[in-house]
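Single-structure report; data block below.
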Amino acid sequence: MPTRRTALSLIAGTGATLALGAPAALARSVAGPRPFGRYGSPARRHDPRTLYVDAHGRGDHTDVQSAVDAATGTGRTIVIAAGVHRATVVVGAAHRDLTLIGASADARDTVLVYGNAAGTPRPDGTGTLGTSGSASVTIGAEGFTARDLTFANDWLRSDNPEYTGTQAVAVKVQGDRSAFHCCRFLGHQDTLYADSPSLDVFARQYYRDCYVEGDVDFVFGRASAVYDRCHFRGLVRPDLAAAPHGFVFAPSTAGAGPHGFLVLRSRVSSTAPDGYYKLARPWVPSSAPTARPMLTVRESRLGAGIDASAPYATMSAGHPWQEQRFAEHRNTGPGARITVPANRPQLSASEARAHTPARWLGDWRPLG
């Protein structure tokens with residue numbers, strides 16, 4: 001079976017798609033006379049603040065970064081034609097309230113991808129990129145919105161056995177009021193980096209109807225993030241013969257941060273054997289030793305891939321998971337079975353009323 005990188009390489013520039021949850025699969029072509037679908041075109045702009053990207057020259061720009069650079073001011077929209085767009089993208093803080101939209105309305109059709117890892121050497125020879133530098137897409141602007149897009153990092157351990165820095169981020173998000181609707185995030189280690197710009201800034205993020213896959217800590221960071229009706233999928237680690245194959249969540253909430261990760265009405269599945277995944281482990285970075293990671297998972301289905309007897313693990317000595325802010329409420333599925341009560345901290349009904357999107361997001365109400 002071809003790898004995710006092989007599949008992406010095969011379809012680059014063709015407008016083909018990747019099947020949900022099956023990175024090696026090829027799907028229908030969406031190329032046609034209307035590359036921007038219902039969103040208009042350069043000849044028929046619905047809004048003068050909208051820019052169009054198409055690798056075949058039918059838009060205002062042929063690559064995403066050029067369009068981002070041209071989208072000056074606030075409240076701009078970029079519509080991206082279907083296809084595999086292979087390049088790193090940086091949305092700087094100046095691009096407030098920017099929206100990126102996949103033109104076909106199916107996230108599988110429009111892929112923003114690159115293949116760096118933390119251990120990738122810097123072009124200037126001054127060391128390696130590091131985790132943040134590995135991101136295919138980096139978003140620092142407030143009020144960012146993405147719809148119907150796939151964010152991917154197709155760097156593979158098997159291709160680079162000499163690397164020790166195997167983190168490979170698909171997207172790093174730091175801006176407050178960042179929202180993702182019907183998006184996909186594909187990678188292995190550290191796929192989705194939901195972060196904030198500093199310890200004293202509690203960036204709010206909202207993910208709705210999204211799909212995230214990976215293996216080690218593939219949803220991580222210190223943002224105040226809500227994951228609503230999302231699907232998280234742990235992948236098989238062919239390089240490992242025993243459990244655990246990985247960890248779904250690794251929050252690093254600042255000690256002063258009132259809210260960390262909130263997962264609700266979602267599901268966690270896995271292609272690994274039963275019990276080979278931990279639900280979470282706390283990340284207390286050396287740069288932020290006062291962090292007190294927070295994760296609430298409620299009203300979600302946890303598949304058999306989650307180790308029900310010991311769903312949490314400790315990442316670093318001195319910061320055991322039991323001393324962090326981990327909790328569950330009314331979850332279902334084989335991975336949610338409470339076989340060792342001490343390992344499954346549960347919220348009471350009254351406590352659960354404080355763990356809602358409204359509490360996490362405050363005066364911000366994401367549209368859609």
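Residue names in the structure tokens use chain letters A, B, ... in the order shown, residue numbers from 1 in each chain, and ligand numbers from 1 in the order shown.
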Name the residues in contact with A:Ala280 at a cut-off of 12 Å, using only C-alpha atoms, excluding same-chain residues fewer than 3 positions from it; report them as a ChimeraX atom specification.
/A:215-220,234,244,246-252,261,263,268,277,283,293-297,306-308,310-315,320-322,324-328,343-344
Shell around stretch 349-358 of chain A at 9 Å using only C-alpha atoms, local window under 4 positions removed, as an MDAnalysis selection string: chainID A and resid 206 225:226 228 259 262 264 296 298 328:329 362:365
Quiz item: Do you know which residues are at most 10 Å from A:Ala242 counting only C-alpha atoms, after dropping those on the same chain fewer than 4 positions away, and could you put them as a PyMOL selection string?
Solution: chain A and resi 237-238+273+276
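Distances here use only C-alpha atoms; by that measure, the residue among A:Gly133, A:Pro282, A:Gly255, A:Gly143 closest to A:Val89 is A:Gly133.
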Can you check which residues of stretch 47-244 of chain A DSSP gives as strand (DSSP E) on the backbone and send them as an mmCIF file with N, CA, C and O atoms, in the first residue's frame?
```
data_model
loop_
_atom_site.group_PDB
_atom_site.id
_atom_site.type_symbol
_atom_site.label_atom_id
_atom_site.label_comp_id
_atom_site.auth_asym_id
_atom_site.auth_seq_id
_atom_site.Cartn_x
_atom_site.Cartn_y
_atom_site.Cartn_z
ATOM 1 N N THR A 50 -12.340 39.427 -1.863
ATOM 2 C CA THR A 50 -12.062 38.012 -2.071
ATOM 3 C C THR A 50 -10.975 37.826 -3.124
ATOM 4 O O THR A 50 -11.000 38.472 -4.181
ATOM 5 N N LEU A 51 -10.029 36.918 -2.819
ATOM 6 C CA LEU A 51 -8.989 36.537 -3.765
ATOM 7 C C LEU A 51 -9.127 35.049 -4.074
ATOM 8 O O LEU A 51 -9.648 34.280 -3.255
ATOM 9 N N TYR A 52 -8.644 34.648 -5.258
ATOM 10 C CA TYR A 52 -8.797 33.264 -5.708
ATOM 11 C C TYR A 52 -7.428 32.664 -6.022
ATOM 12 O O TYR A 52 -6.573 33.314 -6.641
ATOM 13 N N VAL A 53 -7.245 31.404 -5.597
ATOM 14 C CA VAL A 53 -5.993 30.682 -5.824
ATOM 15 C C VAL A 53 -6.267 29.452 -6.666
ATOM 16 O O VAL A 53 -7.158 28.642 -6.338
ATOM 17 N N THR A 77 -10.977 37.334 2.305
ATOM 18 C CA THR A 77 -11.297 35.932 2.059
ATOM 19 C C THR A 77 -10.450 35.415 0.909
ATOM 20 O O THR A 77 -10.269 36.114 -0.097
ATOM 21 N N ILE A 78 -9.933 34.200 1.059
ATOM 22 C CA ILE A 78 -9.181 33.534 -0.008
ATOM 23 C C ILE A 78 -9.872 32.216 -0.322
ATOM 24 O O ILE A 78 -10.051 31.368 0.565
ATOM 25 N N VAL A 79 -10.288 32.046 -1.559
ATOM 26 C CA VAL A 79 -10.911 30.800 -2.014
ATOM 27 C C VAL A 79 -9.857 30.009 -2.781
ATOM 28 O O VAL A 79 -9.228 30.530 -3.714
ATOM 29 N N ILE A 80 -9.680 28.746 -2.402
ATOM 30 C CA ILE A 80 -8.602 27.920 -2.946
ATOM 31 C C ILE A 80 -9.200 26.789 -3.783
ATOM 32 O O ILE A 80 -10.009 25.996 -3.292
ATOM 33 N N GLY A 83 -7.070 20.697 -5.268
ATOM 34 C CA GLY A 83 -5.751 20.247 -5.657
ATOM 35 C C GLY A 83 -4.855 20.127 -4.448
ATOM 36 O O GLY A 83 -5.240 20.470 -3.320
ATOM 37 N N VAL A 84 -3.660 19.619 -4.655
ATOM 38 C CA VAL A 84 -2.662 19.505 -3.604
ATOM 39 C C VAL A 84 -1.711 20.683 -3.736
ATOM 40 O O VAL A 84 -0.988 20.797 -4.725
ATOM 41 N N HIS A 85 -1.723 21.556 -2.772
ATOM 42 C CA HIS A 85 -0.915 22.765 -2.773
ATOM 43 C C HIS A 85 0.289 22.523 -1.866
ATOM 44 O O HIS A 85 0.182 22.614 -0.645
ATOM 45 N N ARG A 86 1.433 22.177 -2.471
ATOM 46 C CA ARG A 86 2.612 21.779 -1.693
ATOM 47 C C ARG A 86 3.529 22.968 -1.475
ATOM 48 O O ARG A 86 4.292 23.372 -2.352
ATOM 49 N N VAL A 89 2.939 27.638 4.393
ATOM 50 C CA VAL A 89 2.119 28.849 4.389
ATOM 51 C C VAL A 89 2.202 29.490 5.770
ATOM 52 O O VAL A 89 2.083 28.796 6.787
ATOM 53 N N VAL A 90 2.399 30.810 5.810
ATOM 54 C CA VAL A 90 2.436 31.558 7.063
ATOM 55 C C VAL A 90 1.420 32.688 6.980
ATOM 56 O O VAL A 90 1.473 33.521 6.068
ATOM 57 N N VAL A 91 0.480 32.697 7.926
ATOM 58 C CA VAL A 91 -0.499 33.774 8.040
ATOM 59 C C VAL A 91 -0.082 34.619 9.235
ATOM 60 O O VAL A 91 -0.284 34.223 10.388
ATOM 61 N N THR A 99 -10.145 34.621 6.139
ATOM 62 C CA THR A 99 -10.838 33.349 5.946
ATOM 63 C C THR A 99 -10.252 32.616 4.749
ATOM 64 O O THR A 99 -10.085 33.209 3.674
ATOM 65 N N LEU A 100 -9.930 31.332 4.929
ATOM 66 C CA LEU A 100 -9.506 30.461 3.835
ATOM 67 C C LEU A 100 -10.604 29.430 3.592
ATOM 68 O O LEU A 100 -11.072 28.789 4.534
ATOM 69 N N ILE A 101 -10.980 29.243 2.326
ATOM 70 C CA ILE A 101 -12.075 28.332 1.985
ATOM 71 C C ILE A 101 -11.634 27.388 0.878
ATOM 72 O O ILE A 101 -11.066 27.814 -0.137
ATOM 73 N N GLY A 102 -11.886 26.094 1.065
ATOM 74 C CA GLY A 102 -11.712 25.130 -0.011
ATOM 75 C C GLY A 102 -12.904 25.221 -0.960
ATOM 76 O O GLY A 102 -14.056 25.095 -0.542
ATOM 77 N N THR A 110 -9.079 19.763 -1.294
ATOM 78 C CA THR A 110 -8.136 20.873 -1.252
ATOM 79 C C THR A 110 -7.168 20.666 -0.106
ATOM 80 O O THR A 110 -7.552 20.767 1.067
ATOM 81 N N VAL A 111 -5.911 20.367 -0.446
ATOM 82 C CA VAL A 111 -4.919 19.946 0.541
ATOM 83 C C VAL A 111 -3.761 20.936 0.583
ATOM 84 O O VAL A 111 -3.132 21.212 -0.447
ATOM 85 N N LEU A 112 -3.471 21.464 1.769
ATOM 86 C CA LEU A 112 -2.295 22.296 2.000
ATOM 87 C C LEU A 112 -1.290 21.426 2.742
ATOM 88 O O LEU A 112 -1.533 21.011 3.875
ATOM 89 N N VAL A 113 -0.149 21.121 2.117
ATOM 90 C CA VAL A 113 0.749 20.102 2.656
ATOM 91 C C VAL A 113 2.205 20.478 2.452
ATOM 92 O O VAL A 113 2.570 21.145 1.476
ATOM 93 N N TYR A 114 3.029 20.049 3.400
ATOM 94 C CA TYR A 114 4.475 20.082 3.222
ATOM 95 C C TYR A 114 5.047 18.950 4.063
ATOM 96 O O TYR A 114 4.311 18.228 4.731
ATOM 97 N N VAL A 137 1.556 24.744 7.862
ATOM 98 C CA VAL A 137 0.825 26.013 7.894
ATOM 99 C C VAL A 137 0.944 26.594 9.290
ATOM 100 O O VAL A 137 0.712 25.897 10.285
ATOM 101 N N THR A 138 1.298 27.866 9.382
ATOM 102 C CA THR A 138 1.415 28.566 10.659
ATOM 103 C C THR A 138 0.470 29.762 10.647
ATOM 104 O O THR A 138 0.495 30.572 9.721
ATOM 105 N N ILE A 139 -0.361 29.860 11.686
ATOM 106 C CA ILE A 139 -1.387 30.905 11.735
ATOM 107 C C ILE A 139 -1.197 31.722 13.007
ATOM 108 O O ILE A 139 -1.392 31.225 14.120
ATOM 109 N N THR A 145 -10.337 32.041 10.116
ATOM 110 C CA THR A 145 -11.342 31.000 9.889
ATOM 111 C C THR A 145 -10.920 30.150 8.699
ATOM 112 O O THR A 145 -10.443 30.685 7.690
ATOM 113 N N ALA A 146 -11.096 28.842 8.809
ATOM 114 C CA ALA A 146 -10.855 27.925 7.692
ATOM 115 C C ALA A 146 -12.073 27.024 7.518
ATOM 116 O O ALA A 146 -12.664 26.583 8.508
ATOM 117 N N ARG A 147 -12.410 26.767 6.265
ATOM 118 C CA ARG A 147 -13.528 25.881 5.954
ATOM 119 C C ARG A 147 -13.139 24.937 4.821
ATOM 120 O O ARG A 147 -12.530 25.349 3.833
ATOM 121 N N THR A 150 -7.956 20.600 3.938
ATOM 122 C CA THR A 150 -7.089 19.625 4.595
ATOM 123 C C THR A 150 -5.737 20.266 4.833
ATOM 124 O O THR A 150 -5.137 20.837 3.920
ATOM 125 N N PHE A 151 -5.265 20.165 6.084
ATOM 126 C CA PHE A 151 -3.926 20.607 6.461
ATOM 127 C C PHE A 151 -3.115 19.344 6.745
ATOM 128 O O PHE A 151 -3.525 18.523 7.575
ATOM 129 N N ALA A 152 -1.973 19.177 6.087
ATOM 130 C CA ALA A 152 -1.241 17.919 6.207
ATOM 131 C C ALA A 152 0.255 18.137 6.314
ATOM 132 O O ALA A 152 0.805 19.115 5.791
ATOM 133 N N ASN A 153 0.900 17.199 7.005
ATOM 134 C CA ASN A 153 2.352 17.093 6.998
ATOM 135 C C ASN A 153 2.665 15.639 6.672
ATOM 136 O O ASN A 153 2.301 14.731 7.420
ATOM 137 N N VAL A 171 -0.450 21.922 11.169
ATOM 138 C CA VAL A 171 -0.812 23.330 11.327
ATOM 139 C C VAL A 171 -0.542 23.759 12.762
ATOM 140 O O VAL A 171 -0.846 23.026 13.716
ATOM 141 N N LYS A 172 0.058 24.939 12.920
ATOM 142 C CA LYS A 172 0.222 25.566 14.220
ATOM 143 C C LYS A 172 -0.655 26.803 14.255
ATOM 144 O O LYS A 172 -0.540 27.692 13.416
ATOM 145 N N VAL A 173 -1.568 26.861 15.248
ATOM 146 C CA VAL A 173 -2.537 27.950 15.364
ATOM 147 C C VAL A 173 -2.284 28.685 16.675
ATOM 148 O O VAL A 173 -2.289 28.073 17.742
ATOM 149 N N SER A 178 -9.811 31.714 16.572
ATOM 150 C CA SER A 178 -9.512 30.911 15.378
ATOM 151 C C SER A 178 -10.538 29.794 15.273
ATOM 152 O O SER A 178 -10.765 29.063 16.246
ATOM 153 N N ALA A 179 -11.151 29.653 14.107
ATOM 154 C CA ALA A 179 -12.209 28.656 13.932
ATOM 155 C C ALA A 179 -11.957 27.811 12.695
ATOM 156 O O ALA A 179 -11.539 28.317 11.646
ATOM 157 N N PHE A 180 -12.221 26.520 12.830
ATOM 158 C CA PHE A 180 -12.057 25.566 11.734
ATOM 159 C C PHE A 180 -13.348 24.769 11.607
ATOM 160 O O PHE A 180 -13.805 24.141 12.573
ATOM 161 N N HIS A 181 -13.925 24.784 10.412
ATOM 162 C CA HIS A 181 -15.183 24.093 10.163
ATOM 163 C C HIS A 181 -14.975 23.072 9.049
ATOM 164 O O HIS A 181 -14.489 23.407 7.965
ATOM 165 N N ARG A 184 -9.764 18.933 7.829
ATOM 166 C CA ARG A 184 -9.029 17.706 8.142
ATOM 167 C C ARG A 184 -7.585 18.062 8.460
ATOM 168 O O ARG A 184 -7.009 18.967 7.845
ATOM 169 N N PHE A 185 -7.004 17.323 9.411
ATOM 170 C CA PHE A 185 -5.633 17.553 9.840
ATOM 171 C C PHE A 185 -4.924 16.200 9.816
ATOM 172 O O PHE A 185 -5.260 15.298 10.598
ATOM 173 N N LEU A 186 -3.954 16.037 8.911
ATOM 174 C CA LEU A 186 -3.301 14.749 8.703
ATOM 175 C C LEU A 186 -1.822 14.843 9.047
ATOM 176 O O LEU A 186 -1.130 15.769 8.617
ATOM 177 N N LEU A 192 -1.711 18.549 15.078
ATOM 178 C CA LEU A 192 -2.442 19.799 15.280
ATOM 179 C C LEU A 192 -1.918 20.494 16.530
ATOM 180 O O LEU A 192 -2.111 20.022 17.649
ATOM 181 N N TYR A 193 -1.259 21.630 16.321
ATOM 182 C CA TYR A 193 -0.655 22.400 17.408
ATOM 183 C C TYR A 193 -1.578 23.575 17.713
ATOM 184 O O TYR A 193 -1.530 24.612 17.059
ATOM 185 N N ALA A 194 -2.439 23.403 18.711
ATOM 186 C CA ALA A 194 -3.385 24.442 19.131
ATOM 187 C C ALA A 194 -2.733 25.233 20.252
ATOM 188 O O ALA A 194 -2.740 24.818 21.409
ATOM 189 N N ARG A 204 -8.446 31.584 22.196
ATOM 190 C CA ARG A 204 -9.629 30.745 22.043
ATOM 191 C C ARG A 204 -9.699 30.186 20.621
ATOM 192 O O ARG A 204 -9.520 30.922 19.650
ATOM 193 N N GLN A 205 -9.973 28.891 20.527
ATOM 194 C CA GLN A 205 -10.067 28.226 19.230
ATOM 195 C C GLN A 205 -11.270 27.297 19.222
ATOM 196 O O GLN A 205 -11.632 26.723 20.251
ATOM 197 N N TYR A 206 -11.860 27.136 18.043
ATOM 198 C CA TYR A 206 -13.057 26.314 17.904
ATOM 199 C C TYR A 206 -12.924 25.437 16.673
ATOM 200 O O TYR A 206 -12.637 25.927 15.570
ATOM 201 N N TYR A 207 -13.137 24.132 16.849
ATOM 202 C CA TYR A 207 -13.058 23.146 15.769
ATOM 203 C C TYR A 207 -14.394 22.425 15.716
ATOM 204 O O TYR A 207 -14.806 21.800 16.707
ATOM 205 N N ARG A 208 -15.061 22.477 14.568
ATOM 206 C CA ARG A 208 -16.383 21.870 14.454
ATOM 207 C C ARG A 208 -16.412 20.939 13.244
ATOM 208 O O ARG A 208 -15.993 21.305 12.144
ATOM 209 N N TYR A 211 -11.731 16.429 11.374
ATOM 210 C CA TYR A 211 -11.109 15.108 11.457
ATOM 211 C C TYR A 211 -9.615 15.296 11.683
ATOM 212 O O TYR A 211 -8.967 16.087 10.979
ATOM 213 N N VAL A 212 -9.066 14.612 12.697
ATOM 214 C CA VAL A 212 -7.643 14.726 13.011
ATOM 215 C C VAL A 212 -7.070 13.326 13.160
ATOM 216 O O VAL A 212 -7.623 12.495 13.882
ATOM 217 N N GLU A 213 -5.943 13.064 12.487
ATOM 218 C CA GLU A 213 -5.304 11.760 12.665
ATOM 219 C C GLU A 213 -3.817 11.938 12.959
ATOM 220 O O GLU A 213 -3.196 12.934 12.599
ATOM 221 N N GLY A 214 -3.265 10.930 13.639
ATOM 222 C CA GLY A 214 -1.853 10.948 13.975
ATOM 223 C C GLY A 214 -1.520 9.838 14.946
ATOM 224 O O GLY A 214 -2.277 8.873 15.109
ATOM 225 N N VAL A 219 -2.810 15.996 19.049
ATOM 226 C CA VAL A 219 -3.520 17.255 19.313
ATOM 227 C C VAL A 219 -2.895 17.829 20.573
ATOM 228 O O VAL A 219 -3.067 17.269 21.659
ATOM 229 N N PHE A 220 -2.168 18.939 20.454
ATOM 230 C CA PHE A 220 -1.395 19.409 21.605
ATOM 231 C C PHE A 220 -1.310 20.925 21.628
ATOM 232 O O PHE A 220 -1.616 21.600 20.640
ATOM 233 N N GLY A 221 -0.907 21.494 22.768
ATOM 234 C CA GLY A 221 -0.725 22.927 22.878
ATOM 235 C C GLY A 221 -1.453 23.528 24.062
ATOM 236 O O GLY A 221 -2.098 22.835 24.840
ATOM 237 N N SER A 224 -7.060 27.587 24.534
ATOM 238 C CA SER A 224 -8.373 27.277 25.101
ATOM 239 C C SER A 224 -9.236 26.812 23.932
ATOM 240 O O SER A 224 -9.900 27.621 23.273
ATOM 241 N N ALA A 225 -9.199 25.529 23.661
ATOM 242 C CA ALA A 225 -9.755 25.004 22.404
ATOM 243 C C ALA A 225 -10.957 24.107 22.655
ATOM 244 O O ALA A 225 -10.939 23.255 23.545
ATOM 245 N N VAL A 226 -11.987 24.309 21.836
ATOM 246 C CA VAL A 226 -13.184 23.472 21.852
ATOM 247 C C VAL A 226 -13.193 22.620 20.593
ATOM 248 O O VAL A 226 -13.064 23.145 19.477
ATOM 249 N N TYR A 227 -13.353 21.308 20.779
ATOM 250 C CA TYR A 227 -13.459 20.362 19.664
ATOM 251 C C TYR A 227 -14.864 19.777 19.708
ATOM 252 O O TYR A 227 -15.183 18.947 20.565
ATOM 253 N N ASP A 228 -15.711 20.214 18.805
ATOM 254 C CA ASP A 228 -17.130 19.898 18.831
ATOM 255 C C ASP A 228 -17.487 19.013 17.633
ATOM 256 O O ASP A 228 -17.282 19.404 16.481
ATOM 257 N N HIS A 231 -13.692 14.038 14.940
ATOM 258 C CA HIS A 231 -13.264 12.639 14.907
ATOM 259 C C HIS A 231 -11.745 12.614 15.008
ATOM 260 O O HIS A 231 -11.046 13.215 14.193
ATOM 261 N N PHE A 232 -11.235 11.900 16.020
ATOM 262 C CA PHE A 232 -9.799 11.760 16.240
ATOM 263 C C PHE A 232 -9.422 10.306 15.991
ATOM 264 O O PHE A 232 -10.036 9.404 16.556
ATOM 265 N N ARG A 233 -8.390 10.097 15.169
ATOM 266 C CA ARG A 233 -8.060 8.722 14.758
ATOM 267 C C ARG A 233 -6.587 8.431 14.975
ATOM 268 O O ARG A 233 -5.711 9.080 14.398
ATOM 269 N N GLY A 234 -6.309 7.457 15.848
ATOM 270 C CA GLY A 234 -4.945 7.031 16.106
ATOM 271 C C GLY A 234 -4.480 6.021 15.072
ATOM 272 O O GLY A 234 -5.190 5.069 14.749
#
```
Helix (DSSP H, G or I) call set, DSSP backbone run, stretch 101-152 of chain A, as a ChimeraX atom specification:
/A:107-109,130-133
key: Selected residue of minimal separation from A:Asp274 among A:Gly257, A:Pro42, A:Pro289, A:Gly335, counting only C-alpha atoms   =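 Counting only C-alpha atoms, the residue closest to A:Asp274 is A:Gly335.
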- Query: Between A:Ser266, A:Thr253, A:Asn116, A:Thr166, which one has atoms that come closest to A:Ser300, using only C-alpha atoms?
  - Reply: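 Among the listed residues, A:Ser266 lies closest to A:Ser300.
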- request: Between atom CA of A:His56 and atom CA of A:Gly40, measure the distance and give it in Å to one decimal.
  value: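 Atom CA of A:Gly40 lies at a distance of 16.5 Å from atom CA of A:His56.
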Just checking: using only C-alpha atoms, which residue out of A:Arg292, A:Arg359, A:Arg281, A:Arg58 ends up closest to A:Pro33?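 Ranked by minimum distance to A:Pro33, first place goes to A:Arg58.
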